[in-house]
Amino acid sequence: FLLSFKVLFCSTMADWLGVVVVVSIFLVMAGFSCTVDLPKFFSYIKKPRGILIGLISQYVICPLTAYSICRILNISSLHSMAFIVMGSCPGGTLSNFWCWFFGADLELSIAMTSSSSLLSFAFLSMNCIIYIPLVADSSMKVDYVSLTISVAALICGVMCGLCVSAVTSADSKKACASWCVKLRVKSALVCVGAFCMIMTLCLGAYENTLVSSVPVYRLPVEIYIGALMFNVVSWIFTFTISYFIVQLNNNQCITVCIECANQNIGLCIAVILLTMHGDDGEIAVGVPMLYGVVNAVMILFFGTLCRICGFIQNNDDDKIQKYANSGFSKLCPCLSLQAVSTDDC
């Protein structure tokens with residue numbers, strides 16, 4: 001209902017991009033959620049060690065890091081506000097894609113994304129109230145309609161995907177299970193989700209490079225440095241906590257790192273566009289777009305390194321083939337057939 005209401009008032013390219021992002025969030029989350037192992041997914045909900053690390057990182061460390069970077073680099077007030085909104089957002093759906101692609105722990109990633117998104121109502125508002133007045137005036141407010149729509153789309157997508165996973169599982173005895181298998185509902189949902197994610201990224205790049213009056217490549221160099229620093233701090237903190245202190249296994253450790261470094265760029269863009277008007281919104285939205293690019297490059301680099309070195313482990317068995325069916329295994333069979341041990345790296 002809320003999404004239909006907003007469609008009626010779409011008047012600019014940015015407004016339509018916001019609607020496309022919301023629909024894509026639903027389809028992407030449904031596509032990845034339908035591939036999870038349900039018992040493993042619910043086990044992470046019952047024993048949320050990784051989830052708690054993610055919540056502390058995303059809602060305590062990341063906002064503080066964003067504020068500190070803005071002060072250290074003397075970033076302008078408008079860009080600082082965008083930095084803090086981005087640092088206060090929950091985990092994004094792209095983290096689920098990267099965990100699937102590298103054969104990490106997709107169930108943990110989706111559980112972390114869902115949990116942080118559900119709590120974003122309180123923590124996003126709280127961090128904006130705390131940090132934004134320190135870098136700018138207090139006129140900016142969180143648009144709860146956009147936040148509600150984005151979180152609802154994410155949760156509904158997860159629920160839809162989990163239902164498909166339950167119906168199409170080998171143990172399912174429901175009458176519709178055979179029809180879902182025959183129609184390849186799961187495969188179709190994964191393909192649609194992947195297509196929507198790619199389309200959203202292309203539209204975002206088009207909006208912020210060709211249409212926007214202030215394209216991303218014209219951002220000050222401080223923004224580039226800040227985006228890199230934010231990623232590095234997030235990776236170092238989460239890897240230290242999850243691997244050395246909590247001692248999660250390798251795949252869970254990489255999943256936590258990817259999840260905590262990958263902010264919900266779509267939600268951040270929606271909040272910025274709906275709370276800043278005119279040129280301010282177009283200028284500020286370049287920050288999350290640039291961060292998304294830097295974050296993708298870093299995840300691609302470290303994820304590839306972890307697969308080649310064997311840090312991401314092959315935990316496949318007769319029922320679960322997540323490692324073998326990962327995007328990395330399909331695209332790089334020569335690198336993933338036999339990963340060398342970590343000691344040899």
# chains A, B, ... in the order shown; residues from 1 in each chain; ligands from 1

$ residues_around --residues "segment 325-329 of chain A" --least-positions-apart "6" --cutoff "6 Å" --atoms "only C-alpha atoms" --output "PDB file with all heavy atoms, in the first residue's frame"
ATOM      1  N   TRP A 100      27.054 -15.601  -1.236  1.00  0.00           N
ATOM      2  CA  TRP A 100      26.719 -16.694  -2.164  1.00  0.00           C
ATOM      3  C   TRP A 100      27.834 -16.859  -3.196  1.00  0.00           C
ATOM      4  O   TRP A 100      28.254 -17.974  -3.513  1.00  0.00           O
ATOM      5  CB  TRP A 100      25.399 -16.395  -2.880  1.00  0.00           C
ATOM      6  CG  TRP A 100      25.201 -17.241  -4.101  1.00  0.00           C
ATOM      7  CD1 TRP A 100      24.748 -18.533  -4.139  1.00  0.00           C
ATOM      8  CD2 TRP A 100      25.499 -16.886  -5.465  1.00  0.00           C
ATOM      9  NE1 TRP A 100      24.740 -18.994  -5.442  1.00  0.00           N
ATOM     10  CE2 TRP A 100      25.202 -18.006  -6.275  1.00  0.00           C
ATOM     11  CE3 TRP A 100      25.984 -15.732  -6.079  1.00  0.00           C
ATOM     12  CZ2 TRP A 100      25.357 -17.993  -7.652  1.00  0.00           C
ATOM     13  CZ3 TRP A 100      26.156 -15.722  -7.447  1.00  0.00           C
ATOM     14  CH2 TRP A 100      25.846 -16.844  -8.216  1.00  0.00           C
ATOM     15  N   PHE A 101      28.323 -15.762  -3.724  1.00  0.00           N
ATOM     16  CA  PHE A 101      29.308 -15.809  -4.800  1.00  0.00           C
ATOM     17  C   PHE A 101      30.584 -16.503  -4.365  1.00  0.00           C
ATOM     18  O   PHE A 101      31.154 -17.310  -5.109  1.00  0.00           O
ATOM     19  CB  PHE A 101      29.625 -14.387  -5.279  1.00  0.00           C
ATOM     20  CG  PHE A 101      30.600 -14.330  -6.420  1.00  0.00           C
ATOM     21  CD1 PHE A 101      30.174 -14.518  -7.723  1.00  0.00           C
ATOM     22  CD2 PHE A 101      31.944 -14.083  -6.192  1.00  0.00           C
ATOM     23  CE1 PHE A 101      31.068 -14.481  -8.780  1.00  0.00           C
ATOM     24  CE2 PHE A 101      32.854 -14.040  -7.235  1.00  0.00           C
ATOM     25  CZ  PHE A 101      32.412 -14.238  -8.536  1.00  0.00           C
ATOM     26  N   PHE A 102      31.041 -16.232  -3.144  1.00  0.00           N
ATOM     27  CA  PHE A 102      32.299 -16.809  -2.674  1.00  0.00           C
ATOM     28  C   PHE A 102      32.107 -18.113  -1.902  1.00  0.00           C
ATOM     29  O   PHE A 102      33.092 -18.705  -1.445  1.00  0.00           O
ATOM     30  CB  PHE A 102      33.050 -15.806  -1.807  1.00  0.00           C
ATOM     31  CG  PHE A 102      33.636 -14.659  -2.583  1.00  0.00           C
ATOM     32  CD1 PHE A 102      33.160 -13.370  -2.388  1.00  0.00           C
ATOM     33  CD2 PHE A 102      34.625 -14.864  -3.522  1.00  0.00           C
ATOM     34  CE1 PHE A 102      33.684 -12.299  -3.106  1.00  0.00           C
ATOM     35  CE2 PHE A 102      35.156 -13.809  -4.258  1.00  0.00           C
ATOM     36  CZ  PHE A 102      34.685 -12.519  -4.048  1.00  0.00           C
ATOM     37  N   GLY A 103      30.868 -18.564  -1.752  1.00  0.00           N
ATOM     38  CA  GLY A 103      30.632 -19.824  -1.060  1.00  0.00           C
ATOM     39  C   GLY A 103      30.827 -19.721   0.439  1.00  0.00           C
ATOM     40  O   GLY A 103      31.190 -20.701   1.090  1.00  0.00           O
ATOM     41  N   SER A 336      39.148 -22.855  -8.307  1.00  0.00           N
ATOM     42  CA  SER A 336      38.382 -23.372  -7.191  1.00  0.00           C
ATOM     43  C   SER A 336      38.287 -24.892  -7.142  1.00  0.00           C
ATOM     44  O   SER A 336      37.698 -25.448  -6.232  1.00  0.00           O
ATOM     45  CB  SER A 336      36.962 -22.802  -7.213  1.00  0.00           C
ATOM     46  OG  SER A 336      36.331 -23.109  -8.439  1.00  0.00           O
TER      47      SER A 336
END

$ atom_distance --atom1 "atom CA of Pro288 of chain A" --atom2 "atom CA of Met159 of chain A"
27.4 Å

$ atom_distance --atom1 "atom CA of Gly292 of chain A" --atom2 "atom CA of Cys160 of chain A"
26.5 Å

$ closest_residue --among "A:Ala104, A:Ala153, A:Leu189, A:Ala82" --to "Ala284 of chain A" --atoms "only C-alpha atoms"
A:Ala82

$ closest_residue --among "A:Met126, A:Leu94, A:Val167, A:Val221" --to "Asn295 of chain A" --atoms "only C-alpha atoms"
A:Leu94

$ residues_around --residues "segment 107-110 of chain A" --least-positions-apart "4" --cutoff "8 Å" --atoms "only C-alpha atoms" --output "list in words"
Ser33, Val36, Asp37, Lys40, Phe41, Tyr44, Gly50, Ile51, Ser95, Asn96, Cys99, Ser114, Val158, Gln252, Thr255, Val256 and Glu259 of chain A

$ write_last_selection --atoms "all heavy atoms" --output "tab-separated table (two decimals), in the first residue's frame"
chain	number	residue	atom	x	y	z
A	33	SER	N	17.16	-15.98	-0.44
A	33	SER	CA	16.59	-16.70	0.70
A	33	SER	C	16.07	-18.08	0.33
A	33	SER	O	16.06	-18.99	1.16
A	33	SER	CB	15.45	-15.88	1.32
A	33	SER	OG	15.92	-14.65	1.80
A	36	VAL	N	18.57	-21.08	0.96
A	36	VAL	CA	19.18	-21.35	2.27
A	36	VAL	C	18.75	-22.70	2.82
A	36	VAL	O	17.72	-23.26	2.44
A	36	VAL	CB	18.83	-20.25	3.30
A	36	VAL	CG1	19.20	-18.88	2.78
A	36	VAL	CG2	17.35	-20.30	3.67
A	37	ASP	N	19.57	-23.21	3.71
A	37	ASP	CA	19.26	-24.42	4.46
A	37	ASP	C	18.50	-23.98	5.72
A	37	ASP	O	19.08	-23.36	6.62
A	37	ASP	CB	20.55	-25.15	4.82
A	37	ASP	CG	20.30	-26.40	5.65
A	37	ASP	OD1	19.24	-27.01	5.50
A	37	ASP	OD2	21.18	-26.74	6.46
A	40	LYS	N	19.79	-24.66	9.38
A	40	LYS	CA	21.00	-23.89	9.65
A	40	LYS	C	20.66	-22.42	9.87
A	40	LYS	O	21.22	-21.76	10.75
A	40	LYS	CB	21.98	-24.05	8.49
A	40	LYS	CG	23.35	-23.45	8.75
A	40	LYS	CD	24.27	-23.72	7.57
A	40	LYS	CE	25.66	-23.14	7.81
A	40	LYS	NZ	26.56	-23.37	6.65
A	41	PHE	N	19.73	-21.90	9.07
A	41	PHE	CA	19.31	-20.50	9.21
A	41	PHE	C	18.73	-20.23	10.59
A	41	PHE	O	19.11	-19.27	11.27
A	41	PHE	CB	18.28	-20.17	8.12
A	41	PHE	CG	17.65	-18.81	8.26
A	41	PHE	CD1	18.32	-17.68	7.84
A	41	PHE	CD2	16.39	-18.67	8.81
A	41	PHE	CE1	17.74	-16.42	7.96
A	41	PHE	CE2	15.80	-17.43	8.95
A	41	PHE	CZ	16.49	-16.30	8.51
A	44	TYR	N	21.14	-20.04	13.62
A	44	TYR	CA	21.82	-18.78	13.85
A	44	TYR	C	20.92	-17.78	14.59
A	44	TYR	O	21.41	-16.92	15.31
A	44	TYR	CB	22.27	-18.17	12.53
A	44	TYR	CG	23.41	-18.92	11.88
A	44	TYR	CD1	23.39	-19.25	10.52
A	44	TYR	CD2	24.52	-19.32	12.62
A	44	TYR	CE1	24.42	-19.94	9.93
A	44	TYR	CE2	25.56	-20.01	12.03
A	44	TYR	CZ	25.50	-20.32	10.69
A	44	TYR	OH	26.53	-21.01	10.11
A	50	GLY	N	27.24	-14.42	15.73
A	50	GLY	CA	27.60	-13.62	14.56
A	50	GLY	C	26.68	-12.42	14.38
A	50	GLY	O	27.12	-11.33	14.00
A	51	ILE	N	25.39	-12.62	14.67
A	51	ILE	CA	24.43	-11.53	14.54
A	51	ILE	C	24.75	-10.40	15.51
A	51	ILE	O	24.69	-9.22	15.16
A	51	ILE	CB	22.99	-12.05	14.77
A	51	ILE	CG1	22.61	-13.03	13.65
A	51	ILE	CG2	22.00	-10.91	14.84
A	51	ILE	CD1	21.26	-13.68	13.85
A	95	SER	N	25.54	-7.88	0.31
A	95	SER	CA	26.34	-8.77	1.15
A	95	SER	C	25.89	-10.22	0.97
A	95	SER	O	26.71	-11.14	0.99
A	95	SER	CB	26.24	-8.37	2.62
A	95	SER	OG	24.91	-8.46	3.08
A	96	ASN	N	24.58	-10.41	0.80
A	96	ASN	CA	24.07	-11.77	0.56
A	96	ASN	C	24.57	-12.31	-0.78
A	96	ASN	O	24.91	-13.49	-0.88
A	96	ASN	CB	22.54	-11.76	0.56
A	96	ASN	CG	21.96	-11.10	1.79
A	96	ASN	OD1	21.03	-10.32	1.71
A	96	ASN	ND2	22.51	-11.38	2.97
A	99	CYS	N	28.29	-13.29	-0.32
A	99	CYS	CA	28.44	-14.54	0.45
A	99	CYS	C	28.08	-15.75	-0.40
A	99	CYS	O	28.72	-16.81	-0.30
A	99	CYS	CB	27.57	-14.48	1.71
A	99	CYS	SG	28.20	-13.33	2.96
A	114	SER	N	18.57	-9.55	7.96
A	114	SER	CA	17.19	-9.43	8.46
A	114	SER	C	17.16	-8.80	9.84
A	114	SER	O	16.35	-7.90	10.12
A	114	SER	CB	16.53	-10.81	8.50
A	114	SER	OG	16.55	-11.43	7.23
A	158	VAL	N	12.53	-12.03	2.33
A	158	VAL	CA	13.12	-13.15	3.08
A	158	VAL	C	12.06	-14.20	3.37
A	158	VAL	O	12.28	-15.41	3.18
A	158	VAL	CB	13.75	-12.65	4.40
A	158	VAL	CG1	14.15	-13.84	5.27
A	158	VAL	CG2	14.97	-11.80	4.10
A	252	GLN	N	32.15	-18.32	8.56
A	252	GLN	CA	31.35	-17.39	9.33
A	252	GLN	C	32.09	-16.07	9.53
A	252	GLN	O	31.48	-15.00	9.48
A	252	GLN	CB	30.99	-17.99	10.68
A	252	GLN	CG	30.03	-19.18	10.60
A	252	GLN	CD	29.79	-19.82	11.95
A	252	GLN	OE1	30.46	-19.50	12.93
A	252	GLN	NE2	28.84	-20.74	12.00
A	255	THR	N	31.90	-14.08	6.40
A	255	THR	CA	30.52	-13.61	6.24
A	255	THR	C	30.25	-12.38	7.09
A	255	THR	O	29.65	-11.40	6.63
A	255	THR	CB	29.53	-14.73	6.62
A	255	THR	OG1	29.71	-15.84	5.74
A	255	THR	CG2	28.09	-14.25	6.54
A	256	VAL	N	30.70	-12.42	8.34
A	256	VAL	CA	30.51	-11.29	9.25
A	256	VAL	C	31.25	-10.05	8.71
A	256	VAL	O	30.72	-8.93	8.75
A	256	VAL	CB	30.99	-11.63	10.67
A	256	VAL	CG1	30.99	-10.40	11.56
A	256	VAL	CG2	30.10	-12.71	11.28
A	259	GLU	N	29.31	-8.72	5.66
A	259	GLU	CA	28.02	-8.14	6.08
A	259	GLU	C	28.21	-6.79	6.75
A	259	GLU	O	27.45	-5.85	6.48
A	259	GLU	CB	27.32	-9.11	7.04
A	259	GLU	CG	25.96	-8.65	7.52
A	259	GLU	CD	24.90	-8.69	6.44
A	259	GLU	OE1	25.04	-9.51	5.51
A	259	GLU	OE2	23.92	-7.91	6.54

$ closest_residue --among "A:Cys309, A:Cys268, A:Cys260, A:Leu106" --to "Cys62 of chain A" --atoms "only C-alpha atoms"
A:Cys260

$ select_by_dssp --residues "segment 178-327 of chain A" --states "helix (DSSP H, G or I)" --output "count of residues only"
114

$ atom_distance --atom1 "atom CA of Met289 of chain A" --atom2 "atom CA of Cys191 of chain A"
24.2 Å

$ residues_around --residues "segment 52-60 of chain A" --least-positions-apart "6" --cutoff "8 Å" --atoms "only C-alpha atoms" --output "ChimeraX atom specification"
/A:87-91,112,116,123-124,127,234,237-238,241-242,256,259-260

$ closest_residue --among "A:Ile155, A:Val28, A:Ala227, A:Val23" --to "Ala296 of chain A" --atoms "only C-alpha atoms"
A:Ala227

$ residues_around --residues "Asn74 of chain A" --least-positions-apart "6" --cutoff "12 Å" --atoms "only C-alpha atoms" --output "mmCIF file with all heavy atoms, in the first residue's frame"
data_model
loop_
_atom_site.group_PDB
_atom_site.id
_atom_site.type_symbol
_atom_site.label_atom_id
_atom_site.label_comp_id
_atom_site.auth_asym_id
_atom_site.auth_seq_id
_atom_site.Cartn_x
_atom_site.Cartn_y
_atom_site.Cartn_z
ATOM 1 N N ALA A 66 32.266 6.694 10.937
ATOM 2 C CA ALA A 66 31.873 7.680 9.935
ATOM 3 C C ALA A 66 32.056 9.102 10.461
ATOM 4 O O ALA A 66 32.581 9.978 9.757
ATOM 5 C CB ALA A 66 30.418 7.451 9.525
ATOM 6 N N TYR A 67 31.629 9.331 11.692
ATOM 7 C CA TYR A 67 31.783 10.666 12.289
ATOM 8 C C TYR A 67 33.262 11.024 12.447
ATOM 9 O O TYR A 67 33.674 12.149 12.136
ATOM 10 C CB TYR A 67 31.077 10.711 13.647
ATOM 11 C CG TYR A 67 31.374 11.961 14.438
ATOM 12 C CD1 TYR A 67 30.813 13.178 14.063
ATOM 13 C CD2 TYR A 67 32.227 11.926 15.538
ATOM 14 C CE1 TYR A 67 31.101 14.341 14.772
ATOM 15 C CE2 TYR A 67 32.517 13.080 16.252
ATOM 16 C CZ TYR A 67 31.953 14.289 15.867
ATOM 17 O OH TYR A 67 32.235 15.427 16.568
ATOM 18 N N SER A 68 34.061 10.084 12.913
ATOM 19 C CA SER A 68 35.485 10.344 13.124
ATOM 20 C C SER A 68 36.192 10.662 11.813
ATOM 21 O O SER A 68 37.037 11.572 11.750
ATOM 22 C CB SER A 68 36.144 9.137 13.799
ATOM 23 O OG SER A 68 35.534 8.844 15.038
ATOM 24 N N SER A 80 29.256 15.109 5.053
ATOM 25 C CA SER A 80 29.343 14.467 6.365
ATOM 26 C C SER A 80 28.005 13.885 6.776
ATOM 27 O O SER A 80 27.934 12.782 7.340
ATOM 28 C CB SER A 80 29.813 15.477 7.418
ATOM 29 O OG SER A 80 31.132 15.911 7.161
ATOM 30 N N VAL A 135 27.737 17.643 12.972
ATOM 31 C CA VAL A 135 28.380 18.021 11.708
ATOM 32 C C VAL A 135 27.547 19.011 10.908
ATOM 33 O O VAL A 135 28.034 19.605 9.950
ATOM 34 C CB VAL A 135 28.661 16.766 10.836
ATOM 35 C CG1 VAL A 135 29.621 15.841 11.535
ATOM 36 C CG2 VAL A 135 27.371 16.038 10.487
ATOM 37 N N PRO A 220 34.978 15.384 -4.034
ATOM 38 C CA PRO A 220 36.312 15.726 -3.499
ATOM 39 C C PRO A 220 37.096 14.468 -3.155
ATOM 40 O O PRO A 220 36.539 13.416 -2.836
ATOM 41 C CB PRO A 220 35.975 16.539 -2.235
ATOM 42 C CG PRO A 220 34.584 17.031 -2.437
ATOM 43 C CD PRO A 220 33.887 15.978 -3.250
ATOM 44 N N VAL A 221 38.413 14.585 -3.208
ATOM 45 C CA VAL A 221 39.278 13.436 -2.947
ATOM 46 C C VAL A 221 39.112 12.930 -1.519
ATOM 47 O O VAL A 221 39.329 11.745 -1.246
ATOM 48 C CB VAL A 221 40.756 13.816 -3.229
ATOM 49 C CG1 VAL A 221 41.248 14.860 -2.228
ATOM 50 C CG2 VAL A 221 41.652 12.597 -3.191
ATOM 51 N N GLU A 222 38.692 13.817 -0.600
ATOM 52 C CA GLU A 222 38.483 13.384 0.785
ATOM 53 C C GLU A 222 37.406 12.310 0.891
ATOM 54 O O GLU A 222 37.475 11.437 1.770
ATOM 55 C CB GLU A 222 38.097 14.583 1.666
ATOM 56 C CG GLU A 222 39.190 15.604 1.861
ATOM 57 C CD GLU A 222 39.229 16.615 0.726
ATOM 58 O OE1 GLU A 222 38.389 16.496 -0.198
ATOM 59 O OE2 GLU A 222 40.094 17.514 0.758
ATOM 60 N N ILE A 223 36.424 12.354 0.018
ATOM 61 C CA ILE A 223 35.346 11.357 0.042
ATOM 62 C C ILE A 223 35.888 9.989 -0.353
ATOM 63 O O ILE A 223 35.530 8.968 0.239
ATOM 64 C CB ILE A 223 34.189 11.764 -0.887
ATOM 65 C CG1 ILE A 223 33.715 13.192 -0.581
ATOM 66 C CG2 ILE A 223 33.031 10.791 -0.777
ATOM 67 C CD1 ILE A 223 33.186 13.367 0.817
ATOM 68 N N ILE A 225 39.016 8.961 0.018
ATOM 69 C CA ILE A 225 39.847 8.493 1.127
ATOM 70 C C ILE A 225 38.968 8.016 2.280
ATOM 71 O O ILE A 225 39.235 6.984 2.910
ATOM 72 C CB ILE A 225 40.796 9.609 1.593
ATOM 73 C CG1 ILE A 225 41.741 10.006 0.461
ATOM 74 C CG2 ILE A 225 41.595 9.166 2.823
ATOM 75 C CD1 ILE A 225 42.615 11.214 0.791
ATOM 76 N N GLY A 226 37.908 8.763 2.571
ATOM 77 C CA GLY A 226 36.995 8.386 3.650
ATOM 78 C C GLY A 226 36.315 7.051 3.400
ATOM 79 O O GLY A 226 36.168 6.236 4.316
#

$ closest_residue --among "A:Tyr224, A:Phe121, A:Phe32, A:Tyr206" --to "Ser165 of chain A" --atoms "only C-alpha atoms"
A:Phe32

$ closest_residue --among "A:Ala324, A:Leu118, A:Ile236, A:Cys202" --to "Val293 of chain A" --atoms "only C-alpha atoms"
A:Cys202
